[in-house]
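Participant: One structure follows; several queries about it will come next.
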Amino acid sequence: MALAELTLAQPATYGRHPSTVVARRTARAAARSGVLWGYVFGAFVASTAWSYSTIYKTREDRDHLAAAFGSNKATTALFGPTPDLQTVGGFTVFKVSMTLMVIGAVWGLLTSSRLLRGEEEAGRWDLLVAGETTLRGAAGQALAGLGAGAAALWAVTAVISAIVGQSSRVDIGVGPALFLALALVSPAVMFLAVGAVTSQLAPTRRLAAGWAAVVLGVSYGLRMLGDAGLGLHALSWLSPLGWTEQLRPLTSNHPAPLIPIAAFTAALAAVAIVLAGVRDAGASLVPDRAQRAPRLRLLGGQFGLSARLVGGTALGWILALALIGLLFGLVAQGAGPTLNGTSVQQVLDKLGASGGGVGAYLGVTFLFVAVIVSFAVAGQVGAAKAEESEGRLDHLLARPLSRTRWLTGRVGLGLALALAGGIAGGLFTWLGAATQHTGFGAGRLVAAGVNAAVPGVFFLGLGTLLLGLWPRAASAGVYAVLAWSLLVELVGGIGAISHWLLDTSVFHHVASAPAVPIDWTTNFVLLAVAALAALVGAAAFARRDLQRP
């Protein structure tokens with residue numbers, strides 16, 4: 001038999017079945033993101049649980065904490081009911097649950113809209129649905145891949161929580177730790193499904209994410225009204241965030257709310273699959289207005305194009321920083337007194353927030369602002385690398401646009417995001433703190449926000465260096481250094497580690513303003529190192545070949 005006949009007679013065994021292509025592609029992207037944020041979730045849980053036994057050593061300290069927060073209606077409305085604050089589990093739930101639940105929900109809606117409507121909008125589903133895979137089948141596969149991302153988020157959070165729970169100082173069992181991780185991740189699962197539905201309805205990824213964000217905002221508002229002590233507690237049961245709150249991990253462990261959570265998720269997933277089958281590829285159930293005039297704003301140059309491409313994501317980060325700053329500012333006056341005391345002050349001194357009171361609390365608050373700004377900037381490094389690896393940069397560089405000019409534009413956008421995020425965090429922290437009459441002026445807190453943007457600029461310089469010298473590792477490298485810096489800073493605050501190790505954290509070199517004066521000399525050194533790294537990276541980028549994954 002001829003070789004050609006053998007080839008035709010025997011099917012290839014090395015290929016991959018088309019019924020799993022979308023699922024595998026989506027699972028890889030979602031799982032990578034899920035593992036990263038699972039580390040953040042787990043680190044937040046671990047540091048909170050471990051620090052409680054370090055900071056609040058005596059019964060008097062714990063009673064003081066419970067008295068300050070137990071009857072505070074504003075705190076309850078913002079972060080949910082205060083459980084037994086005299087225990088490690090109760091404090092951990094109070095400190096991390098609502099914050100991580102909201103972050104998880106945002107992760108879910110952004111990931112879902114990016115990997116569903118975003119992939120379709122970019123045209124990457126066209127060839128798939130032209131073959132054996134239908135739009136309905138592709139949507140089902142994508143949902144399975146998103147489920148893998150949620151599983152990765154839960155697994156990493158659960159493992160870290162379970163490991164730290166084995167410490168005698170924390171004493172949280174494996175079962176309760178796994179249930180805590182499930183409670184923290186459940187909003188992410190629900191809003192993956194919400195984003196899947198809005199991705200069928202909206203014509204663009206931006207609108208899909210925006211509509212899902214409106215659902216999140218309504219959910220948070222209903223829960224907040226239900227917990228505000230206004231006699232409207234029933235409203236909490238109308239909110240997906242209210243259901244997760246009723247799980248009561250580490251305190252009561254009520255599994256019953258998992259029923260509406262699972263039903264809500266399954267129903268939305270089914271609706272998304274059904275809706276995907278009643279529209280054309282690339283279309284949406286809510287059509288884009290064909291008669292709308294083209295929006296040519298900012299498209300007169302490369303910088304404007306880049307701003308259009310990343311503007312929605314950047315605006316989302318800035319709004320998130322503004323909201324976080326507002327929430328922390330609103331509780332500053334009540335939280336400040338709970339930090340006073342010898343054991344507490346030792347931890348704050350290690351974090352650089354000396355002095356105690358509201359100032360020390362705000363100093364630690366701006367550490368979180370610095371971390372979030374850094375994550376936002378790290379995402380911009382990943383976006384620049386994706387523009388190259390996915391081939392979009394080829395079309396720009398084929399025109400009279402130099403590589404240096406393109407990279408300068410992307411770095412400029414990263415700088416603008418870091419600065420705007422820091423200012424937004426500082427300004428809205430002042431707005432919240434001003435309502436509580438803390439005595440901290442707008443100029444001082446905005447300056448603290450600018451100070452918090454310095455680590456983000458450093459990571460931007462590092463990312464530019466890697467983009468030029470080792471592009472395949474650019475995004476992963478920045479996230480790795482960022483994760484290490486965060487881990488060292490958290491461990492250094494609650495334990496005794498070598499100052500040489502502590503100095504490897506970028507965050508440790510930035511003053512904890514407004515608790516202490518801003519160290520502009522150190523900031524200048526960090527910025528100079530970032531600038532040098534960016535220049536070296538730009539020079540290397542101008543001389544290397546473009547790369548694909």
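In the structure tokens, chains take the letters A, B, ... in the order shown, each chain's residues start at 1, and ligands count up from 1 in the order shown.
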Report the residues of segment 348-538 of chain A whose backbone DSSP state falls under alpha helix (DSSP H), written as an MDAnalysis selection string.
Facilitator: chainID A and resid 348:351 357:389 392:397 403:435 442:452 454:469 474:494 499:502 520:538
Participant: Enter the distance from atom CA of Val529 of chain A to atom CA of Glu388 of chain A, in Å, rounded to one decimal.
Facilitator: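 According to the coordinates, atom CA of Val529 of chain A and atom CA of Glu388 of chain A are separated by 25.2 Å.
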Participant: Please provide as a ChimeraX atom specification all residues within 7 Å of segment 176-178 of chain A, with the sequence filter that same-chain residues fewer than 6 positions apart are discarded (counting only C-alpha atoms).
Facilitator: /A:158,161-162,249-250
Participant: Can those selected residues be exported to a file as a PDB file, in the first residue's frame so that it contains all heavy atoms?
Facilitator:
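Here's the written file again.pdb:
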```pdb
ATOM      1  N   ALA A 158      -6.842  27.216  49.834  1.00  0.00           N
ATOM      2  CA  ALA A 158      -7.100  26.184  50.838  1.00  0.00           C
ATOM      3  C   ALA A 158      -5.804  25.603  51.382  1.00  0.00           C
ATOM      4  O   ALA A 158      -5.671  25.394  52.603  1.00  0.00           O
ATOM      5  CB  ALA A 158      -7.964  25.085  50.221  1.00  0.00           C
ATOM      6  N   SER A 161      -4.119  28.145  53.691  1.00  0.00           N
ATOM      7  CA  SER A 161      -4.904  28.309  54.919  1.00  0.00           C
ATOM      8  C   SER A 161      -4.774  27.084  55.816  1.00  0.00           C
ATOM      9  O   SER A 161      -4.661  27.208  57.049  1.00  0.00           O
ATOM     10  CB  SER A 161      -6.374  28.548  54.567  1.00  0.00           C
ATOM     11  OG  SER A 161      -6.537  29.696  53.767  1.00  0.00           O
ATOM     12  N   ALA A 162      -4.799  25.890  55.216  1.00  0.00           N
ATOM     13  CA  ALA A 162      -4.693  24.665  56.010  1.00  0.00           C
ATOM     14  C   ALA A 162      -3.316  24.528  56.648  1.00  0.00           C
ATOM     15  O   ALA A 162      -3.189  24.095  57.804  1.00  0.00           O
ATOM     16  CB  ALA A 162      -4.996  23.454  55.130  1.00  0.00           C
ATOM     17  N   PRO A 249     -17.779  31.083  57.933  1.00  0.00           N
ATOM     18  CA  PRO A 249     -16.633  30.188  58.099  1.00  0.00           C
ATOM     19  C   PRO A 249     -15.848  30.497  59.365  1.00  0.00           C
ATOM     20  O   PRO A 249     -15.806  31.646  59.828  1.00  0.00           O
ATOM     21  CB  PRO A 249     -15.799  30.468  56.840  1.00  0.00           C
ATOM     22  CG  PRO A 249     -16.166  31.865  56.453  1.00  0.00           C
ATOM     23  CD  PRO A 249     -17.624  32.014  56.807  1.00  0.00           C
ATOM     24  N   LEU A 250     -15.246  29.465  59.939  1.00  0.00           N
ATOM     25  CA  LEU A 250     -14.397  29.525  61.130  1.00  0.00           C
ATOM     26  C   LEU A 250     -15.133  29.905  62.407  1.00  0.00           C
ATOM     27  O   LEU A 250     -14.543  29.892  63.484  1.00  0.00           O
ATOM     28  CB  LEU A 250     -13.219  30.495  60.934  1.00  0.00           C
ATOM     29  CG  LEU A 250     -12.263  30.196  59.787  1.00  0.00           C
ATOM     30  CD1 LEU A 250     -11.079  31.150  59.843  1.00  0.00           C
ATOM     31  CD2 LEU A 250     -11.799  28.766  59.786  1.00  0.00           C
TER      32      LEU A 250
END
```
Participant: For Ser112 of chain A, which residue among A:Thr26, A:Ser53, A:Thr133, A:Ser252 is the nearest when counting only C-alpha atoms?
Facilitator: A:Thr26
Participant: When you look at segment 463-475 of chain A with a cut-off of 7 Å (counting only C-alpha atoms), what residues show up, excluding the ones that are within fewer than 3 positions of it in the same chain? I need them as a PyMOL selection string.
Facilitator: chain A and resi 378+381-382+459-460+478-479+533-534+536-538+540-541
Participant: Do a neighbour search on Thr48 of chain A at 8 Å with only C-alpha atoms, toss out local chain neighbours closer than 2 positions, and write the hits as an MDAnalysis selection string.
Facilitator: chainID A and resid 44:46 50:52 92 95:96
Participant: Which is closer to Ala181 of chain A than all the others in A:Gly441, A:Pro240, A:Gly42, A:Gly449, using only C-alpha atoms?
Facilitator: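 Using only C-alpha atoms, Ala181 of chain A sits closest to A:Gly42.
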Participant: Rank nothing, just name the residue among A:Ala183, A:Leu407, A:Met101, A:Ile273 nearest to Gln141 of chain A, using only C-alpha atoms.
Facilitator: A:Ile273
